[in-house]
$ cat final32.txt   # compact mmCIF, C-alpha atoms and all ligand atoms
# COMPACT_ATOMS: atom_id res chain seq x y z
CA MET A 651 -21.31 30.72 -19.39
CA LYS A 652 -23.22 28.14 -17.36
CA ASP A 653 -24.63 28.68 -13.88
CA PHE A 654 -22.77 26.80 -11.17
CA ILE A 655 -22.67 26.17 -7.44
CA TYR A 656 -19.33 26.27 -5.67
CA HIS A 657 -19.23 24.60 -2.28
CA ASN A 658 -16.18 22.94 -0.80
CA PRO A 659 -16.45 22.17 2.91
CA THR A 660 -12.98 20.62 3.42
CA LYS A 661 -10.81 22.55 5.87
CA VAL A 662 -7.14 22.37 4.91
CA TYR A 663 -4.13 22.80 7.16
CA PHE A 664 -1.23 23.33 4.73
CA GLY A 665 2.44 23.49 5.70
CA LYS A 666 5.19 22.22 7.95
CA GLU A 667 3.87 22.78 11.46
CA GLN A 668 0.20 21.95 11.12
CA LEU A 669 -0.06 18.37 12.37
CA GLN A 670 -0.20 19.61 15.96
CA HIS A 671 -3.81 20.61 15.20
CA LEU A 672 -4.81 17.02 14.40
CA PRO A 673 -6.10 16.07 17.88
CA GLN A 674 -8.33 19.13 18.22
CA GLU A 675 -9.90 18.41 14.82
CA ILE A 676 -10.40 14.70 15.54
CA LEU A 677 -11.89 15.33 18.97
CA LYS A 678 -14.68 17.39 17.37
CA PHE A 679 -16.08 14.04 16.19
CA GLY A 680 -15.12 11.73 19.05
CA LYS A 681 -12.31 9.71 20.59
CA LYS A 682 -12.57 6.44 18.68
CA VAL A 683 -10.62 6.62 15.46
CA LEU A 684 -10.06 4.12 12.66
CA MET A 685 -6.65 4.87 11.19
CA ALA A 686 -6.55 3.64 7.55
CA TYR A 687 -3.09 3.61 6.01
CA ASP A 688 -0.63 1.60 3.99
CA GLU A 689 2.32 0.76 6.16
CA GLY A 690 5.27 1.37 3.81
CA ALA A 691 5.78 5.10 3.56
CA VAL A 692 3.73 6.06 6.59
CA LYS A 693 5.94 4.03 8.89
CA LYS A 694 9.26 4.76 7.13
CA THR A 695 8.79 8.53 7.24
CA GLY A 696 7.97 8.61 10.95
CA LEU A 697 4.49 9.96 10.30
CA TYR A 698 2.95 6.94 11.99
CA ASP A 699 4.93 7.49 15.21
CA LYS A 700 4.05 11.20 15.28
CA ILE A 701 0.34 10.48 14.90
CA VAL A 702 0.30 7.68 17.49
CA LYS A 703 2.01 10.01 19.97
CA LEU A 704 -0.48 12.82 19.31
CA ALA A 705 -3.32 10.35 19.82
CA ASN A 706 -1.88 8.91 23.05
CA ASP A 707 -1.23 12.40 24.46
CA ASN A 708 -4.83 13.41 23.81
CA GLY A 709 -6.81 10.40 24.95
CA ILE A 710 -7.65 9.25 21.42
CA THR A 711 -8.10 5.51 20.85
CA LEU A 712 -6.74 4.26 17.52
CA TYR A 713 -7.93 1.17 15.64
CA GLU A 714 -5.88 0.29 12.59
CA LEU A 715 -6.58 -0.86 9.04
CA THR A 716 -3.40 -1.51 7.03
CA GLY A 717 -2.52 -3.24 3.77
CA ILE A 718 -4.32 -0.80 1.48
CA ASP A 719 -3.11 -1.51 -2.05
CA PRO A 720 -2.88 1.11 -4.78
CA ASN A 721 -6.24 0.90 -6.59
CA PRO A 722 -7.91 0.03 -3.26
CA ARG A 723 -9.98 -3.15 -3.23
CA HIS A 724 -13.57 -3.43 -2.02
CA THR A 725 -12.50 -6.37 0.17
CA THR A 726 -10.04 -4.15 2.09
CA VAL A 727 -12.68 -1.45 2.44
CA ASN A 728 -15.10 -3.99 3.90
CA LYS A 729 -12.54 -4.99 6.55
CA GLY A 730 -12.55 -1.37 7.67
CA VAL A 731 -16.36 -1.29 7.69
CA ASP A 732 -16.33 -4.30 10.04
CA ILE A 733 -13.91 -2.56 12.43
CA CYS A 734 -16.13 0.55 12.48
CA ALA A 735 -19.20 -1.55 13.34
CA ARG A 736 -17.42 -3.63 15.98
CA GLU A 737 -15.65 -0.76 17.73
CA LYS A 738 -18.29 1.95 17.20
CA VAL A 739 -15.75 4.22 15.55
CA ASP A 740 -16.50 7.98 15.54
CA VAL A 741 -14.19 9.18 12.78
CA ILE A 742 -11.85 7.76 10.13
CA LEU A 743 -8.30 9.05 9.77
CA ALA A 744 -6.74 8.28 6.37
CA ILE A 745 -2.97 8.57 6.11
CA GLY A 746 -1.47 8.22 2.65
CA GLY A 747 -2.28 8.97 -0.96
CA GLY A 748 -5.45 8.63 -2.98
CA SER A 749 -5.67 4.91 -2.26
CA ALA A 750 -5.74 5.27 1.54
CA ILE A 751 -8.12 8.22 1.33
CA ASP A 752 -10.47 6.50 -1.12
CA CYS A 753 -10.45 3.38 1.05
CA ALA A 754 -11.44 5.57 4.02
CA LYS A 755 -14.22 7.15 1.97
CA GLY A 756 -15.52 3.72 1.00
CA ILE A 757 -15.54 2.67 4.66
CA ALA A 758 -17.25 5.90 5.67
CA ALA A 759 -19.95 5.41 3.02
CA ALA A 760 -20.69 1.77 3.88
CA ALA A 761 -20.54 2.23 7.65
CA PHE A 762 -24.19 3.32 7.87
CA GLU A 763 -25.51 0.56 5.59
CA GLU A 764 -27.16 -2.52 7.09
CA HIS A 765 -25.33 -4.81 4.65
CA LYS A 766 -21.87 -3.32 5.48
CA ASP A 767 -20.70 -3.94 1.91
CA VAL A 768 -19.12 -1.08 -0.03
CA TRP A 769 -19.55 -2.87 -3.34
CA LYS A 770 -23.33 -2.69 -2.91
CA VAL A 771 -22.96 1.07 -2.38
CA VAL A 772 -20.83 1.30 -5.54
CA LYS A 773 -23.27 -0.71 -7.67
CA ARG A 774 -26.32 1.13 -6.35
CA GLY A 775 -24.93 4.41 -7.71
CA GLY A 776 -26.39 7.78 -6.77
CA PRO A 777 -24.93 10.34 -4.42
CA VAL A 778 -23.55 9.33 -1.03
CA GLU A 779 -25.45 11.59 1.39
CA LYS A 780 -24.43 10.01 4.68
CA ALA A 781 -21.00 8.87 5.82
CA LEU A 782 -18.78 8.77 8.88
CA PRO A 783 -16.63 11.90 9.19
CA MET A 784 -13.13 11.71 7.72
CA VAL A 785 -9.83 13.44 8.38
CA THR A 786 -6.87 12.92 6.05
CA VAL A 787 -3.10 13.30 6.24
CA LEU A 788 -1.88 13.42 2.65
CA THR A 789 1.40 11.82 1.47
CA THR A 790 1.13 12.11 -2.33
CA ALA A 791 0.39 14.95 -4.74
CA ALA A 792 -1.92 13.41 -7.28
CA THR A 793 -5.59 12.58 -6.98
CA GLY A 794 -7.25 15.52 -5.25
CA SER A 795 -9.15 13.06 -3.05
CA GLU A 796 -8.02 15.08 -0.03
CA MET A 797 -10.43 17.84 -1.04
CA ASP A 798 -13.00 16.24 -3.31
CA PRO A 799 -16.24 14.22 -3.01
CA TYR A 800 -15.10 11.15 -4.99
CA ALA A 801 -13.63 7.72 -4.23
CA VAL A 802 -12.51 5.07 -6.68
CA ILE A 803 -12.92 1.47 -5.54
CA SER A 804 -11.74 -1.64 -7.40
CA ASN A 805 -13.24 -5.10 -7.57
CA MET A 806 -10.52 -7.31 -9.01
CA ASP A 807 -12.89 -10.33 -9.21
CA THR A 808 -15.05 -8.57 -11.77
CA ASN A 809 -12.41 -6.27 -13.35
CA GLU A 810 -14.33 -3.19 -12.28
CA LYS A 811 -12.92 0.08 -10.97
CA LEU A 812 -15.78 2.44 -10.23
CA VAL A 813 -16.38 5.84 -8.68
CA ILE A 814 -18.66 6.70 -5.80
CA ALA A 815 -19.43 10.34 -5.19
CA GLY A 816 -21.52 12.55 -2.98
CA PRO A 817 -21.47 15.47 -0.57
CA ALA A 818 -20.77 13.22 2.42
CA LEU A 819 -17.45 12.14 0.89
CA PHE A 820 -15.62 15.44 1.25
CA PRO A 821 -13.05 14.96 4.00
CA HIS A 822 -13.91 17.24 6.92
CA VAL A 823 -10.27 18.22 7.41
CA SER A 824 -7.09 17.52 5.43
CA PHE A 825 -3.51 18.01 6.58
CA GLU A 826 -1.10 18.74 3.75
CA ASN A 827 2.57 18.94 4.61
CA PRO A 828 4.74 18.97 1.47
CA GLU A 829 7.58 17.46 3.55
CA ASP A 830 5.49 14.28 3.83
CA THR A 831 6.03 13.79 0.08
CA TYR A 832 9.86 14.06 0.22
CA SER A 833 10.09 10.27 0.28
CA LEU A 834 7.80 9.79 -2.70
CA PRO A 835 9.82 7.95 -5.40
CA ALA A 836 10.46 9.76 -8.71
CA TYR A 837 8.10 7.35 -10.49
CA GLN A 838 5.17 8.08 -8.14
CA THR A 839 5.96 11.81 -8.32
CA ALA A 840 5.72 11.63 -12.11
CA CYS A 841 2.51 9.59 -12.10
CA GLY A 842 0.92 11.99 -9.60
CA ALA A 843 1.89 15.00 -11.72
CA VAL A 844 0.28 13.50 -14.81
CA ASP A 845 -2.86 12.75 -12.80
CA ILE A 846 -3.17 16.39 -11.69
CA PHE A 847 -2.44 17.66 -15.20
CA ASN A 848 -5.06 15.37 -16.69
CA HIS A 849 -7.74 16.33 -14.15
CA VAL A 850 -7.40 19.97 -15.17
CA LEU A 851 -7.04 19.34 -18.91
CA ASP A 852 -9.79 16.78 -19.39
CA GLN A 853 -12.37 17.66 -16.77
CA ASP A 854 -12.03 21.41 -17.05
CA TYR A 855 -9.90 22.98 -19.75
CA LEU A 856 -11.17 21.33 -22.92
CA ALA A 857 -14.66 20.96 -21.48
CA GLY A 858 -15.02 24.49 -20.21
CA ASP A 859 -16.22 27.81 -21.42
CA ALA A 860 -13.55 29.52 -23.49
CA THR A 861 -14.76 32.96 -22.40
CA PHE A 862 -14.48 32.31 -18.67
CA ASP A 863 -11.07 33.98 -18.36
CA VAL A 864 -10.89 33.82 -14.56
CA VAL A 865 -11.19 30.06 -14.47
CA ARG A 866 -9.21 29.47 -17.66
CA GLY A 867 -6.27 31.44 -16.29
CA LEU A 868 -6.35 29.46 -13.04
CA GLN A 869 -6.41 26.18 -14.98
CA GLU A 870 -3.41 27.23 -17.06
CA ALA A 871 -1.53 28.36 -13.95
CA VAL A 872 -2.10 25.01 -12.25
CA MET A 873 -1.08 22.96 -15.29
CA ALA A 874 1.99 25.16 -15.93
CA ALA A 875 3.08 24.81 -12.29
CA VAL A 876 2.79 21.02 -12.48
CA VAL A 877 4.71 20.87 -15.77
CA LYS A 878 7.44 23.07 -14.28
CA TRP A 879 7.81 21.61 -10.79
CA ALA A 880 7.35 17.86 -11.35
CA PRO A 881 10.78 17.27 -12.94
CA ILE A 882 12.37 19.44 -10.24
CA ALA A 883 10.74 17.37 -7.48
CA MET A 884 11.98 14.20 -9.19
CA LYS A 885 15.57 15.45 -9.25
CA GLU A 886 15.46 17.20 -5.87
CA PRO A 887 12.97 15.20 -3.78
CA ARG A 888 13.46 17.48 -0.74
CA ASN A 889 12.78 20.71 -2.63
CA TYR A 890 9.98 22.24 -0.52
CA ASP A 891 8.78 24.67 -3.20
CA ALA A 892 8.47 21.91 -5.76
CA ARG A 893 6.60 19.62 -3.35
CA ALA A 894 4.35 22.45 -2.14
CA ASN A 895 3.39 23.52 -5.66
CA LEU A 896 2.51 19.94 -6.60
CA MET A 897 0.58 19.31 -3.40
CA TRP A 898 -1.64 22.37 -3.67
CA ALA A 899 -2.09 21.78 -7.41
CA SER A 900 -3.35 18.31 -6.51
CA SER A 901 -6.02 19.76 -4.23
CA LEU A 902 -7.05 22.49 -6.68
CA GLY A 903 -7.33 19.93 -9.47
CA LEU A 904 -10.61 18.47 -8.27
CA ASN A 905 -11.83 20.73 -5.49
CA GLY A 906 -14.28 22.53 -7.76
CA MET A 907 -12.34 25.78 -7.98
CA LEU A 908 -11.28 25.10 -11.57
CA ASP A 909 -14.49 23.80 -13.04
CA GLY A 910 -16.92 26.68 -12.68
CA GLY A 911 -19.17 26.54 -15.72
CA SER A 912 -17.55 23.58 -17.40
CA LEU A 913 -18.99 20.26 -18.47
CA HIS A 914 -17.79 17.30 -16.45
CA VAL A 915 -16.28 14.78 -18.79
CA MET A 916 -13.14 12.90 -17.73
CA ALA A 917 -12.87 10.77 -20.88
CA CYS A 918 -9.23 9.84 -20.19
CA HIS A 919 -10.19 8.74 -16.67
CA GLN A 920 -13.04 6.56 -17.97
CA MET A 921 -10.54 4.88 -20.31
CA GLU A 922 -7.78 4.63 -17.71
CA HIS A 923 -9.95 3.11 -15.01
CA GLU A 924 -10.56 0.17 -17.38
CA LEU A 925 -6.80 -0.29 -17.79
CA SER A 926 -6.30 -0.28 -13.99
CA ALA A 927 -9.26 -2.62 -13.51
CA TYR A 928 -7.95 -5.19 -15.99
CA TYR A 929 -4.20 -4.81 -15.45
CA ASP A 930 -3.80 -3.12 -12.03
CA ILE A 931 -1.45 -0.48 -13.45
CA THR A 932 -0.60 2.85 -11.80
CA HIS A 933 -3.36 5.38 -12.51
CA GLY A 934 -1.03 8.23 -13.58
CA LEU A 935 0.98 5.97 -15.88
CA GLY A 936 -2.17 4.86 -17.69
CA LEU A 937 -3.21 8.50 -18.05
CA ALA A 938 0.19 9.46 -19.47
CA ILE A 939 -0.13 6.82 -22.17
CA ILE A 940 -3.74 7.68 -23.00
CA THR A 941 -3.68 11.51 -22.89
CA PRO A 942 -1.64 12.31 -26.05
CA ARG A 943 -3.47 9.62 -28.06
CA TRP A 944 -6.82 10.96 -26.90
CA LEU A 945 -5.81 14.50 -27.92
CA THR A 946 -4.69 13.23 -31.33
CA HIS A 947 -7.96 11.34 -31.79
CA ILE A 948 -10.25 14.24 -30.85
CA LEU A 949 -8.27 16.96 -32.68
CA ASN A 950 -10.43 18.79 -35.23
CA GLU A 951 -10.83 22.27 -36.72
CA LYS A 952 -13.12 23.33 -33.87
CA ASN A 953 -10.92 22.37 -30.91
CA ALA A 954 -7.53 22.99 -32.58
CA PRO A 955 -7.32 26.61 -31.29
CA GLU A 956 -7.94 25.45 -27.68
CA ILE A 957 -5.37 22.66 -27.86
CA TYR A 958 -2.91 25.09 -29.47
CA ARG A 959 -3.57 27.58 -26.67
CA LEU A 960 -2.72 24.86 -24.11
CA GLY A 961 0.60 24.43 -25.91
CA VAL A 962 1.35 28.15 -25.82
CA LYS A 963 0.29 28.82 -22.22
CA VAL A 964 1.52 25.64 -20.55
CA PHE A 965 4.38 24.29 -22.69
CA GLY A 966 5.82 27.39 -24.37
CA VAL A 967 4.86 26.42 -27.93
CA PRO A 968 5.47 29.55 -30.08
CA GLU A 969 2.55 31.81 -30.97
CA GLY A 970 1.58 32.69 -34.54
CA LEU A 971 1.24 29.17 -35.98
CA GLU A 972 -1.74 27.99 -37.95
CA PRO A 973 -4.10 26.42 -35.30
CA MET A 974 -3.92 22.83 -36.56
CA GLN A 975 -0.12 22.94 -36.73
CA GLY A 976 0.03 24.59 -33.29
CA ALA A 977 -2.28 21.96 -31.81
CA LYS A 978 -0.07 19.16 -33.16
CA GLU A 979 2.96 20.82 -31.57
CA ALA A 980 1.03 21.09 -28.29
CA ILE A 981 0.26 17.36 -28.37
CA ASP A 982 3.93 16.62 -29.09
CA ALA A 983 4.82 18.77 -26.08
CA VAL A 984 2.48 16.72 -23.84
CA SER A 985 4.18 13.51 -25.07
CA THR A 986 7.66 14.92 -24.57
CA TRP A 987 6.80 15.98 -21.01
CA CYS A 988 5.30 12.60 -20.07
CA PHE A 989 7.81 10.29 -21.72
CA LYS A 990 11.10 12.23 -21.98
CA THR A 991 10.99 14.74 -19.12
CA LEU A 992 9.19 12.51 -16.62
CA GLY A 993 10.60 9.30 -18.10
CA LEU A 994 7.36 7.29 -18.04
CA LYS A 995 6.85 4.27 -20.27
CA SER A 996 5.24 5.44 -23.48
CA ASN A 997 3.00 2.61 -24.66
CA LEU A 998 0.94 -0.34 -23.48
CA THR A 999 3.13 -2.92 -25.24
CA GLU A 1000 6.00 -1.94 -22.93
CA LEU A 1001 3.67 -2.79 -20.02
CA GLY A 1002 2.93 -6.21 -21.51
CA ILE A 1003 -0.65 -5.25 -22.43
CA ASP A 1004 -2.12 -6.38 -25.75
CA SER A 1005 -5.46 -5.83 -27.46
CA LYS A 1006 -7.16 -8.94 -26.01
CA HIS A 1007 -9.66 -7.09 -23.78
CA PHE A 1008 -9.92 -3.77 -25.65
CA LYS A 1009 -13.42 -4.39 -27.00
CA GLU A 1010 -15.00 -5.15 -23.63
CA MET A 1011 -12.96 -2.43 -21.91
CA ALA A 1012 -14.21 0.09 -24.48
CA GLU A 1013 -17.80 -0.97 -23.86
CA HIS A 1014 -17.39 -0.67 -20.07
CA ALA A 1015 -15.79 2.78 -20.50
CA CYS A 1016 -19.02 3.94 -22.20
CA PRO A 1017 -21.69 2.70 -19.76
CA ASP A 1018 -24.37 4.84 -21.43
CA GLY A 1019 -23.21 4.00 -24.95
CA VAL A 1020 -21.00 7.08 -25.19
CA ILE A 1021 -18.56 9.15 -23.14
CA PRO A 1022 -20.32 12.51 -23.44
CA GLY A 1023 -18.93 16.04 -23.64
CA PRO A 1024 -17.73 18.41 -26.32
CA ASN A 1025 -15.67 15.60 -27.86
CA PRO A 1026 -17.93 12.55 -27.33
CA LEU A 1027 -16.45 9.08 -27.69
CA THR A 1028 -18.23 5.88 -28.74
CA PRO A 1029 -16.92 2.41 -27.85
CA ALA A 1030 -15.38 2.28 -31.37
CA ASP A 1031 -13.50 5.54 -30.65
CA VAL A 1032 -12.28 4.20 -27.31
CA GLU A 1033 -11.11 0.95 -28.87
CA LYS A 1034 -9.24 2.95 -31.51
CA ILE A 1035 -7.55 5.04 -28.78
CA TYR A 1036 -6.50 1.89 -26.90
CA GLU A 1037 -5.01 0.57 -30.15
CA MET A 1038 -3.11 3.84 -30.64
CA CYS A 1039 -1.68 3.28 -27.15
CA LEU A 1040 -0.05 0.00 -28.20
CA HIS A 1041 2.86 1.75 -30.04
O1 LIG B 1 2.09 1.66 0.25
P1 LIG B 1 3.24 2.53 0.42
O2 LIG B 1 4.50 1.82 0.69
O3 LIG B 1 3.02 3.66 1.35
O4 LIG B 1 3.50 3.13 -1.03
C1 LIG B 1 2.60 4.03 -1.63
C2 LIG B 1 1.95 3.41 -2.83
O5 LIG B 1 2.56 2.23 -3.22
C3 LIG B 1 3.48 5.11 -2.18
N1 LIG B 1 3.54 6.29 -1.33
C4 LIG B 1 2.51 7.09 -0.97
N2 LIG B 1 2.98 8.12 -0.26
C5 LIG B 1 4.32 7.97 -0.19
C6 LIG B 1 4.67 6.79 -0.86
N3 LIG B 1 5.93 6.36 -0.94
C7 LIG B 1 6.88 7.09 -0.35
N4 LIG B 1 6.62 8.24 0.31
C8 LIG B 1 5.37 8.72 0.40
N5 LIG B 1 5.14 9.88 1.01
O6 LIG B 1 2.91 5.48 -3.41
C9 LIG B 1 2.19 4.40 -3.95
C10 LIG B 1 0.93 4.94 -4.56
O7 LIG B 1 0.05 5.44 -3.55
P2 LIG B 1 -1.45 5.74 -3.93
O8 LIG B 1 -2.15 6.23 -2.75
O9 LIG B 1 -2.00 4.56 -4.65
O10 LIG B 1 -1.26 6.89 -5.03
P3 LIG B 1 -2.21 8.04 -5.49
O11 LIG B 1 -2.25 9.13 -4.51
O12 LIG B 1 -1.78 8.35 -6.86
O13 LIG B 1 -3.69 7.36 -5.53
C11 LIG B 1 -4.09 6.56 -6.61
C12 LIG B 1 -5.51 6.07 -6.42
O14 LIG B 1 -6.45 7.15 -6.36
C13 LIG B 1 -7.44 7.00 -7.41
C14 LIG B 1 -6.67 6.24 -8.46
O15 LIG B 1 -7.51 5.67 -9.43
C15 LIG B 1 -5.93 5.23 -7.61
O16 LIG B 1 -6.79 4.20 -7.21
N6 LIG B 1 -8.01 8.29 -7.78
C16 LIG B 1 -8.80 8.90 -6.90
C17 LIG B 1 -9.46 10.08 -7.19
C18 LIG B 1 -10.35 10.74 -6.23
N7 LIG B 1 -10.68 10.11 -5.13
O17 LIG B 1 -10.79 11.85 -6.45
C19 LIG B 1 -9.33 10.74 -8.49
C20 LIG B 1 -8.19 10.24 -9.29
O18 LIG B 1 -8.45 10.54 -10.63
C21 LIG B 1 -7.90 8.78 -9.14
O19 LIG B 1 -8.73 7.99 -9.97
ZN ZN B 2 -6.96 10.93 -11.73
$ encode --input "final32.txt" --output "structure tokens"
Amino acid sequence: MKDFIYHNPTKVYFGKEQLQHLPQEILKFGKKVLMAYDEGAVKKTGLYDKIVKLANDNGITLYELTGIDPNPRHTTVNKGVDICAREKVDVILAIGGGSAIDCAKGIAAAAFEEHKDVWKVVKRGGPVEKALPMVTVLTTAATGSEMDPYAVISNMDTNEKLVIAGPALFPHVSFENPEDTYSLPAYQTACGAVDIFNHVLDQDYLAGDATFDVVRGLQEAVMAAVVKWAPIAMKEPRNYDARANLMWASSLGLNGMLDGGSLHVMACHQMEHELSAYYDITHGLGLAIITPRWLTHILNEKNAPEIYRLGVKVFGVPEGLEPMQGAKEAIDAVSTWCFKTLGLKSNLTELGIDSKHFKEMAEHACPDGVIPGPNPLTPADVEKIYEMCLH
């Protein structure tokens, strides 16, 4: 078992009646707030009006950045950085899903830089140690950005989608009301569920220490809850228990609680971010297509018992099979969940994607020549996995 440090500074208000605490949390940092959101859902659900009223009633001045696309662009982030510099903003309030929150994190990170360009921060690499404070109001159950130190920013001019990370990127406070996800379409609900599932499986479960029962049991509980509740939330969008389970699973997925002692890998994410960067597809959809192919590609005698165990604990695959057979049934169960139960498209051809860019995408996915971890992948492996995703 490896040594580890657990430190998560994000304060979470979870539940139906928590938004009333927003002003008191914001005012700890100041009165000038940049509100970063994407208009659609935030305005339709009434969340926007509620937040504007809370701000007006408490002497908070709001500046607004809208038009944040899924897979947020560095150009949009830089517009927010300009507003922060011009208006001397004290705190950023992100309202939305991973895209709005990551955009806010990018703004927060670039706000203290002379050049005011988030892409320079992204390309410089290294941990982000200084950033404007952030508060989030979450409207999806997916990325974990509401409680993690990462942001993913896209540059569509160069086909790059890259991660920035660092202790300053934890939101200070996040508000999570499952009711704010009632309006999330079935498709986004499904994509978010696959994202959570993949965070736990790839970053933690198959990269972890098989003897760390405490963490392993938590990982299985989170994945099993997502597998169970996602189809219910799709059929009954206003089912509070379903939305609450998914929302908290989202936060647990990357808040550090599930990765004590494990190696950080995220091979599927490395491969998916290339797909999003080249084709601007939904993150969770790309992961759904990649995950079963990746499992098939890495399956060997050594990891077969772990993959089989996933099948037993999370998908109800029967016990007592020979490990290789059990692992294959587990992988089939992952496919069935993604493509039959959640109804997601099952291959890249259906998305109009062909093999044209696979070679360069595979090379970008392995910036150090290999995606490391217990099941390392070379560019040739990644290209093979992309090809498997075509059918
Ligand atoms: O723009 P609107 O109309 O609001 O529609 C949004 C958006 O089109 C809609 N939506 C969000 N909340 C809604 C809603 N529609 C109805 N009701 C609601 N309550 O959903 C669409 C997708 O939103 P987005 O924020 O893009 O989704 P998600 O939360 O899945 O975030 C995806 C982004 O996060 C990155 C992904 O790569 C992608 O760029 N990730 C961030 C991570 C992190 N920071 O830790 C880790 C993840 O692995 C991931 O890479
Ligand atoms: Zn993800």
$ atom_distance --input "final32.txt" --atom1 "atom CA of A:Glu737" --atom2 "atom CA of A:Lys770"
22.1 Å
$ residues_around --input "final32.txt" --residues "A:Met685" --least-positions-apart "6" --cutoff "10 Å" --atoms "all atoms listed in the file" --output "JSON, numbers by chain"
{"A": [698, 701, 702, 711, 712, 713, 714, 715, 716, 730, 741, 742, 743, 744, 745, 750, 754, 785, 786]}
$ atom_distance --input "final32.txt" --atom1 "atom O17 of ligand LIG 1 (chain B)" --atom2 "atom CA of A:Val813"
8.5 Å
$ residues_around --input "final32.txt" --residues "stretch 1005-1017 of chain A" --least-positions-apart "2" --cutoff "6 Å" --atoms "only C-alpha atoms" --output "JSON, numbers by chain"
{"A": [920, 921, 924, 1019, 1020, 1021, 1029, 1032, 1033]}
$ residues_around --input "final32.txt" --residues "A:Ile981" --least-positions-apart "2" --cutoff "12 Å" --atoms "all atoms listed in the file" --output "PyMOL selection string"
chain A and resi 938+940-949+954+956-962+964-965+967+974-979+983-988
$ residues_near_ligand --input "final32.txt" --ligand "ligand LIG 1 (chain B)" --cutoff "7 Å" --atoms "only C-alpha atoms and all ligand atoms" --output "PyMOL selection string"
chain A and resi 688-692+718-722+746-750+752+789-795+798-803+830-835+838+841-842+845+849+904+919+923+933-934
$ closest_residue --input "final32.txt" --among "A:Asn889, A:Asn728, A:Asn809, A:Gln853" --to "A:Val771" --atoms "all atoms listed in the file"
A:Asn728
$ closest_residue --input "final32.txt" --among "A:Pro887, A:Pro783, A:Pro1026, A:Gly936" --to "A:Lys995" --atoms "only C-alpha atoms"
A:Gly936
$ atom_distance --input "final32.txt" --atom1 "atom CA of A:Ala917" --atom2 "atom CA of A:Pro777"
20.4 Å
$ closest_residue --input "final32.txt" --among "A:Asp1031, A:Met907, A:Leu998, A:Val844" --to "ligand ZN 2 (chain B)" --atoms "only C-alpha atoms and all ligand atoms"
A:Val844
$ residues_around --input "final32.txt" --residues "A:Val739" --least-positions-apart "6" --cutoff "9 Å" --atoms "only C-alpha atoms" --output "ChimeraX atom specification"
/A:680-684,713,733,782
$ closest_residue --input "final32.txt" --among "A:Ala880, A:Cys1039, A:Val731, A:Met651" --to "A:Gly993" --atoms "only C-alpha atoms"
A:Ala880
$ closest_residue --input "final32.txt" --among "A:Trp879, A:Tyr1036, A:Tyr928, A:Phe847" --to "ligand ZN 2 (chain B)" --atoms "only C-alpha atoms and all ligand atoms"
A:Phe847
$ closest_residue --input "final32.txt" --among "A:Gln869, A:Gln670, A:Asn953, A:Thr725" --to "A:Asp854" --atoms "all atoms listed in the file"
A:Gln869
$ build_atoms --input "final32.txt" --residues "stretch 943-951 of chain A" --atoms "N, CA, C and O atoms" --output "PDB file, keeping the file's coordinate frame"
ATOM      1  N   ARG A 943      -2.704  10.312 -26.998  1.00  0.00           N
ATOM      2  CA  ARG A 943      -3.470   9.620 -28.060  1.00  0.00           C
ATOM      3  C   ARG A 943      -4.894  10.150 -28.118  1.00  0.00           C
ATOM      4  O   ARG A 943      -5.464  10.316 -29.202  1.00  0.00           O
ATOM      5  N   TRP A 944      -5.462  10.397 -26.945  1.00  0.00           N
ATOM      6  CA  TRP A 944      -6.820  10.960 -26.900  1.00  0.00           C
ATOM      7  C   TRP A 944      -6.842  12.323 -27.594  1.00  0.00           C
ATOM      8  O   TRP A 944      -7.721  12.602 -28.421  1.00  0.00           O
ATOM      9  N   LEU A 945      -5.851  13.166 -27.292  1.00  0.00           N
ATOM     10  CA  LEU A 945      -5.810  14.500 -27.920  1.00  0.00           C
ATOM     11  C   LEU A 945      -5.697  14.363 -29.435  1.00  0.00           C
ATOM     12  O   LEU A 945      -6.368  15.073 -30.188  1.00  0.00           O
ATOM     13  N   THR A 946      -4.858  13.430 -29.880  1.00  0.00           N
ATOM     14  CA  THR A 946      -4.690  13.230 -31.330  1.00  0.00           C
ATOM     15  C   THR A 946      -6.014  12.777 -31.944  1.00  0.00           C
ATOM     16  O   THR A 946      -6.409  13.246 -33.023  1.00  0.00           O
ATOM     17  N   HIS A 947      -6.713  11.893 -31.238  1.00  0.00           N
ATOM     18  CA  HIS A 947      -7.960  11.340 -31.790  1.00  0.00           C
ATOM     19  C   HIS A 947      -9.066  12.410 -31.864  1.00  0.00           C
ATOM     20  O   HIS A 947      -9.831  12.438 -32.817  1.00  0.00           O
ATOM     21  N   ILE A 948      -9.137  13.270 -30.852  1.00  0.00           N
ATOM     22  CA  ILE A 948     -10.250  14.240 -30.850  1.00  0.00           C
ATOM     23  C   ILE A 948      -9.933  15.509 -31.643  1.00  0.00           C
ATOM     24  O   ILE A 948     -10.825  16.317 -31.904  1.00  0.00           O
ATOM     25  N   LEU A 949      -8.663  15.706 -32.024  1.00  0.00           N
ATOM     26  CA  LEU A 949      -8.270  16.960 -32.680  1.00  0.00           C
ATOM     27  C   LEU A 949      -9.103  17.205 -33.948  1.00  0.00           C
ATOM     28  O   LEU A 949      -9.210  16.340 -34.803  1.00  0.00           O
ATOM     29  N   ASN A 950      -9.703  18.394 -34.002  1.00  0.00           N
ATOM     30  CA  ASN A 950     -10.430  18.790 -35.230  1.00  0.00           C
ATOM     31  C   ASN A 950     -10.353  20.312 -35.369  1.00  0.00           C
ATOM     32  O   ASN A 950      -9.771  20.992 -34.515  1.00  0.00           O
ATOM     33  N   GLU A 951     -10.938  20.828 -36.446  1.00  0.00           N
ATOM     34  CA  GLU A 951     -10.830  22.270 -36.720  1.00  0.00           C
ATOM     35  C   GLU A 951     -11.382  23.103 -35.559  1.00  0.00           C
ATOM     36  O   GLU A 951     -10.883  24.167 -35.248  1.00  0.00           O
TER      37      GLU A 951
END
